[in-house]
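Visitor: This is the content of final07.cif (mmCIF, C-alpha atoms):
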data_upload
loop_
_atom_site.label_atom_id
_atom_site.label_comp_id
_atom_site.auth_asym_id
_atom_site.auth_seq_id
_atom_site.Cartn_x
_atom_site.Cartn_y
_atom_site.Cartn_z
CA MET A 1 1.77 75.91 5.68
CA LYS A 2 2.16 74.34 9.10
CA CYS A 3 -0.28 71.60 10.01
CA ALA A 4 -1.14 69.89 13.29
CA ALA A 5 -3.69 67.24 14.18
CA VAL A 6 -6.10 66.84 17.07
CA ILE A 7 -7.47 63.32 17.52
CA CYS A 8 -10.56 63.32 19.73
CA ALA A 9 -10.69 60.13 21.81
CA ALA A 10 -12.47 61.25 24.97
CA GLY A 11 -15.64 59.13 24.93
CA ALA A 12 -16.19 55.88 26.80
CA GLY A 13 -17.42 53.97 23.72
CA SER A 14 -20.57 52.75 25.46
CA ARG A 15 -22.31 51.80 22.19
CA MET A 16 -19.14 50.08 20.96
CA GLY A 17 -18.77 48.16 24.23
CA GLN A 18 -15.28 49.50 24.93
CA ASN A 19 -13.18 52.63 24.63
CA LYS A 20 -12.73 53.22 20.88
CA ALA A 21 -9.11 54.33 21.25
CA LEU A 22 -8.41 50.80 22.51
CA CYS A 23 -10.45 48.94 19.86
CA HIS A 24 -8.48 47.02 17.24
CA ILE A 25 -8.57 47.00 13.48
CA GLY A 26 -6.21 44.23 12.55
CA ALA A 27 -3.02 44.41 14.61
CA GLU A 28 -3.46 48.11 15.41
CA THR A 29 -5.72 50.04 17.70
CA PHE A 30 -7.96 52.67 16.13
CA LEU A 31 -5.69 55.32 17.65
CA SER A 32 -2.39 53.84 16.49
CA SER A 33 -3.80 53.38 12.97
CA ILE A 34 -4.71 57.09 12.75
CA VAL A 35 -1.31 58.20 14.07
CA ARG A 36 0.48 55.94 11.55
CA THR A 37 -1.54 57.47 8.71
CA LEU A 38 -0.75 61.00 9.88
CA LYS A 39 2.96 60.15 10.13
CA ASN A 40 3.02 58.76 6.57
CA VAL A 41 1.89 61.92 4.75
CA THR A 42 4.57 63.98 3.02
CA THR A 43 3.55 67.15 4.86
CA LYS A 44 4.92 67.09 8.40
CA ILE A 45 2.03 66.97 10.87
CA ASP A 46 3.25 68.37 14.16
CA PRO A 47 2.13 68.18 16.86
CA ILE A 48 -0.29 65.28 16.86
CA VAL A 49 -2.45 65.87 19.92
CA VAL A 50 -4.65 63.12 21.36
CA VAL A 51 -7.48 64.28 23.62
CA THR A 52 -8.53 61.61 26.10
CA GLY A 53 -11.35 61.48 28.61
CA ALA A 54 -12.60 58.08 29.74
CA GLN A 55 -9.86 55.66 30.81
CA ASP A 56 -7.23 58.36 30.31
CA GLU A 57 -4.41 56.49 32.06
CA LEU A 58 -5.11 53.18 30.31
CA VAL A 59 -5.27 54.79 26.85
CA ARG A 60 -1.95 56.56 27.47
CA LEU A 61 -0.31 53.44 28.89
CA ARG A 62 -1.34 51.25 25.95
CA HIS A 63 -0.08 53.89 23.51
CA ALA A 64 3.06 55.02 25.34
CA ASP A 65 5.15 54.43 22.21
CA LEU A 66 3.13 56.78 19.99
CA PRO A 67 4.80 60.09 18.98
CA VAL A 68 1.93 62.21 20.27
CA VAL A 69 1.17 64.92 22.79
CA TRP A 70 -1.57 64.12 25.29
CA ALA A 71 -4.41 66.36 26.45
CA HIS A 72 -7.20 65.40 28.83
CA ASN A 73 -10.79 66.63 28.70
CA ALA A 74 -11.65 66.26 32.37
CA LEU A 75 -15.26 67.20 31.57
CA TRP A 76 -15.65 64.51 28.90
CA GLN A 77 -18.86 63.14 30.45
CA THR A 78 -20.73 66.45 30.11
CA THR A 79 -19.17 68.01 27.01
CA HIS A 80 -19.11 67.31 23.29
CA MET A 81 -16.43 66.92 20.64
CA LEU A 82 -16.16 70.71 20.18
CA GLU A 83 -14.88 71.06 23.74
CA SER A 84 -12.40 68.22 23.20
CA LEU A 85 -11.11 69.93 20.06
CA VAL A 86 -10.68 73.21 21.95
CA CYS A 87 -8.89 71.31 24.74
CA GLY A 88 -6.45 69.89 22.16
CA LEU A 89 -5.95 73.29 20.53
CA SER A 90 -4.30 74.51 23.73
CA LEU A 91 -1.27 72.42 22.67
CA VAL A 92 -1.20 73.52 19.01
CA PRO A 93 0.78 76.56 17.82
CA ASP A 94 -1.34 79.52 16.73
CA ASP A 95 -0.11 79.46 13.12
CA CYS A 96 -1.07 75.85 12.33
CA ASP A 97 -3.92 74.54 10.27
CA VAL A 98 -5.52 71.67 12.19
CA ILE A 99 -6.73 68.27 11.09
CA HIS A 100 -9.56 67.25 13.40
CA TRP A 101 -9.92 63.47 13.46
CA PRO A 102 -12.38 61.55 15.69
CA VAL A 103 -10.85 58.26 16.85
CA ASP A 104 -13.73 56.24 15.36
CA CYS A 105 -13.14 57.41 11.77
CA LEU A 106 -11.39 54.52 10.02
CA GLY A 107 -9.85 53.69 6.68
CA ILE A 108 -8.66 57.11 5.52
CA SER A 109 -5.77 56.61 3.09
CA VAL A 110 -2.55 58.62 2.99
CA PRO A 111 -3.33 59.93 -0.55
CA ASP A 112 -6.78 61.10 0.58
CA LEU A 113 -5.26 62.80 3.60
CA GLU A 114 -2.73 64.54 1.37
CA ARG A 115 -5.56 65.77 -0.87
CA LEU A 116 -7.31 67.08 2.26
CA ILE A 117 -4.21 68.96 3.37
CA GLY A 118 -3.91 70.44 -0.12
CA VAL A 119 -7.31 72.18 0.00
CA PRO A 120 -6.78 75.99 -0.20
CA ASP A 121 -6.37 77.63 3.19
CA ASN A 122 -9.50 79.80 2.92
CA ILE A 123 -11.66 76.66 2.52
CA THR A 124 -12.33 73.98 5.12
CA GLY A 125 -11.50 70.57 3.69
CA VAL A 126 -13.37 67.43 4.70
CA ILE A 127 -13.19 63.77 3.72
CA GLY A 128 -16.57 62.44 2.67
CA VAL A 129 -18.44 59.71 0.87
CA ASN A 130 -20.45 60.46 -2.29
CA GLY A 131 -20.24 64.19 -1.61
CA LYS A 132 -21.53 63.87 1.97
CA PRO A 133 -19.07 65.36 4.48
CA GLY A 134 -17.60 63.18 7.20
CA HIS A 135 -14.13 63.20 8.83
CA PRO A 136 -11.34 64.09 9.20
CA VAL A 137 -11.69 67.85 8.68
CA ARG A 138 -8.86 70.30 7.94
CA PHE A 139 -9.57 73.68 9.55
CA SER A 140 -7.56 76.85 8.90
CA ALA A 141 -5.28 78.40 11.50
CA ASN A 142 -7.52 81.52 11.49
CA LEU A 143 -10.63 79.53 12.36
CA MET A 144 -8.74 77.64 15.07
CA ARG A 145 -7.59 80.95 16.61
CA GLU A 146 -11.24 81.98 16.76
CA LEU A 147 -12.14 78.71 18.50
CA ARG A 148 -9.53 79.32 21.21
CA CYS A 149 -11.47 82.43 22.30
CA LYS A 150 -13.93 81.81 25.11
CA THR A 151 -16.42 84.02 23.26
CA HIS A 152 -16.35 82.20 19.91
CA GLY A 153 -20.15 81.66 19.91
CA PHE A 154 -20.18 78.17 18.37
CA GLN A 155 -22.45 75.60 20.02
CA THR A 156 -21.31 72.49 18.15
CA LEU A 157 -18.55 71.33 15.87
CA LYS A 158 -21.09 71.30 13.04
CA ASP A 159 -21.61 75.05 13.60
CA VAL A 160 -17.86 75.57 13.18
CA PHE A 161 -17.83 73.51 10.00
CA LEU A 162 -20.80 75.34 8.48
CA SER A 163 -19.37 78.78 9.33
CA CYS A 164 -17.06 78.80 6.30
CA PRO A 165 -16.88 77.48 2.74
CA HIS A 166 -15.86 73.85 2.54
CA ALA A 167 -14.77 71.30 -0.03
CA VAL A 168 -15.62 67.60 0.26
CA ILE A 169 -12.84 65.23 -0.78
CA ASP A 170 -14.49 61.90 -1.53
CA ALA A 171 -12.62 58.96 0.00
CA SER A 172 -11.00 56.76 -2.63
CA GLY A 173 -11.69 53.53 -0.75
CA PRO A 174 -13.94 52.12 1.95
CA VAL A 175 -14.11 54.26 5.08
CA MET A 176 -16.11 54.19 8.29
CA MET A 177 -17.01 57.61 9.64
CA ASN A 178 -18.52 56.63 13.01
CA CYS A 179 -17.66 53.19 14.31
CA ASN A 180 -20.26 52.69 17.02
CA ASP A 181 -21.02 49.01 16.73
CA PRO A 182 -18.83 45.86 16.75
CA ARG A 183 -20.82 44.28 13.93
CA ALA A 184 -20.38 47.37 11.72
CA LEU A 185 -16.64 47.14 12.41
CA SER A 186 -16.58 43.47 11.34
CA ASP A 187 -18.46 44.35 8.13
CA PHE A 188 -16.02 47.19 7.43
CA VAL A 189 -12.98 44.95 7.97
CA ALA A 190 -14.51 42.37 5.61
CA ARG A 191 -15.06 45.06 2.93
CA MET A 192 -11.46 46.22 3.30
CA GLY A 193 -10.21 42.63 2.98
CA LYS A 194 -11.89 42.34 -0.42
CA MET A 195 -9.99 45.38 -1.78
#
Write the structure described by the file as structure tokens, please.
Guide:
Amino acid sequence: MKCAAVICAAGAGSRMGQNKALCHIGAETFLSSIVRTLKNVTTKIDPIVVVTGAQDELVRLRHADLPVVWAHNALWQTTHMLESLVCGLSLVPDDCDVIHWPVDCLGISVPDLERLIGVPDNITGVIGVNGKPGHPVRFSANLMRELRCKTHGFQTLKDVFLSCPHAVIDASGPVMMNCNDPRALSDFVARMGKM
């Protein structure tokens, strides 16, 4: 099985107070932390596509050393994550399963990511907490081919997720699924420090 990743990092991070791709968790940015995790799994993840929007040039400049392929959602202000995913898919081979990972999903471990990749191909795998789905999500190559079609009929990413059977892989440690607030980030870092 071939596997690629699309990291969606197009938003401005208005609730966070800065672009989330540029936010730090320890010595790493959110984006560099995700790329490092993807690079450390035993299954080769290639390509790793990062979809930018707000502050495109600055995000690319600050992460020029990352082994990624860049895509830009020029309509980031008026579109949602589904459109950013589709934008990134334009750079992914047709026969790849795809890990969709929002840039504000933090703390996913390499073993959990490997369990996600190991979910059978006819099932969508998702990392969750206490059985509640979150991110990242591993979609099949077949479903991603359907998304590339202009007539796919999905309105949101949730519609895509609910369109097929899925398995929730509970995270083995503390994770943050949507980092929208600096205080929540501080609390999360403190929880991780106690592990």
Visitor: Find the residues around Val129 (chain A) up to 10 Å (all atoms listed in the file counted), leave out those fewer than 5 positions away in its own chain, and share them as number ranges by chain.
Guide: A: 134-135, 168-177
Visitor: In terms of the shortest atom-to-atom distance over all atoms listed in the file, which of A:Gly128, A:Pro182, A:Val189, A:Ala21 is closest to Leu61 (chain A)?
Guide: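 The answer is A:Ala21, which sits nearest to Leu61 (chain A).
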Visitor: Kindly extract all protein, DNA and RNA residues lying within 12 Å of the coordinates (-0.6, 56.3, 12.1) given in the file, considering only C-alpha atoms, and supply them as a VMD selection string.
Guide: chain A and resid 5 7 28 to 41 45 48 63 65 to 68 101 103 106 to 110 113
Visitor: Under the rule that only C-alpha atoms are counted, which of A:Val69, A:Val98, A:Val49, A:Cys179 is the nearest residue to Met144 (chain A)?
Guide: A:Val98
Visitor: Closest to His152 (chain A) among A:Arg62, A:Met16, A:His72, A:Leu82, using all atoms listed in the file?
Guide: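 Checking each candidate against His152 (chain A), we get A:Leu82 as the closest.
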Visitor: Could you tell me which residues the PyMOL selection byres ((chain A and resi 142) around 9) returns for this structure, as a count of residues only?
Guide: 13
Visitor: Provide the CA of Cys149 (chain A) to CA of Thr124 (chain A) distance in Å, to one decimal place.
Guide: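 CA of Thr124 (chain A) lies 19.2 Å from CA of Cys149 (chain A).
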Visitor: Let me make sure I understand: among A:Ala27, A:Val126, A:Val51, A:Ile117, which one has the smallest atom-to-atom distance to Met1 (chain A) if we use all atoms listed in the file?
Guide: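 For Met1 (chain A), the nearest of the given residues is A:Ile117.
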Visitor: Figure out the distance between CA of Glu83 (chain A) and CA of His24 (chain A), please, to one decimal in Å.
Guide: 25.7 Å
Visitor: Looking at A:Ile123, A:Ile25, A:Ala71, A:Cys87, which one is nearest to Ala184 (chain A), with distances taken over only C-alpha atoms?
Guide: A:Ile25
Visitor: Just the number, please: distance in Å from CA of Met81 (chain A) to CA of Leu116 (chain A), one decimal.
Guide: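 Atom-to-atom, CA of Met81 (chain A) and CA of Leu116 (chain A) are spaced 20.5 Å apart.
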Visitor: Tell me which of A:Ala167, A:Ala9, A:Ile99, A:Val59 sits closest to Lys132 (chain A), counting only C-alpha atoms.
Guide: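 For Lys132 (chain A), the nearest of the candidates is A:Ala167.
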Visitor: When the PyMOL selection byres ((chain A and resi 55) around 12) is applied to the file above, which residues end up in the set, as a list of chain:residue names?
Guide: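 With the PyMOL selection byres ((chain A and resi 55) around 12) on this model, the match is A:Ala9, A:Ala10, A:Gly11, A:Ala12, A:Gly13, A:Gln18, A:Asn19, A:Lys20, A:Ala21, A:Leu22, A:Val51, A:Thr52, A:Gly53, A:Ala54, A:Asp56, A:Glu57, A:Leu58, A:Val59, A:Arg60, A:Leu61, A:Arg62, A:His72, A:Asn73, A:Ala74, A:Trp76, A:Gln77.
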Visitor: Would you write out, as a ChimeraX atom specification, every residue that the PyMOL selection byres ((chain A and resi 156) around 10) captures in this file?
Guide: /A:80-83,153-155,157-161
Visitor: Only C-alpha atoms, please: the residues just picked out, written as a PDB file, keeping the file's coordinate frame.
Guide:
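Heads up, here's the output in part_37.pdb:
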ATOM      1  CA  HIS A  80     -19.110  67.310  23.290  1.00  0.00           C
ATOM      2  CA  MET A  81     -16.430  66.920  20.640  1.00  0.00           C
ATOM      3  CA  LEU A  82     -16.160  70.710  20.180  1.00  0.00           C
ATOM      4  CA  GLU A  83     -14.880  71.060  23.740  1.00  0.00           C
ATOM      5  CA  GLY A 153     -20.150  81.660  19.910  1.00  0.00           C
ATOM      6  CA  PHE A 154     -20.180  78.170  18.370  1.00  0.00           C
ATOM      7  CA  GLN A 155     -22.450  75.600  20.020  1.00  0.00           C
ATOM      8  CA  LEU A 157     -18.550  71.330  15.870  1.00  0.00           C
ATOM      9  CA  LYS A 158     -21.090  71.300  13.040  1.00  0.00           C
ATOM     10  CA  ASP A 159     -21.610  75.050  13.600  1.00  0.00           C
ATOM     11  CA  VAL A 160     -17.860  75.570  13.180  1.00  0.00           C
ATOM     12  CA  PHE A 161     -17.830  73.510  10.000  1.00  0.00           C
TER      13      PHE A 161
END
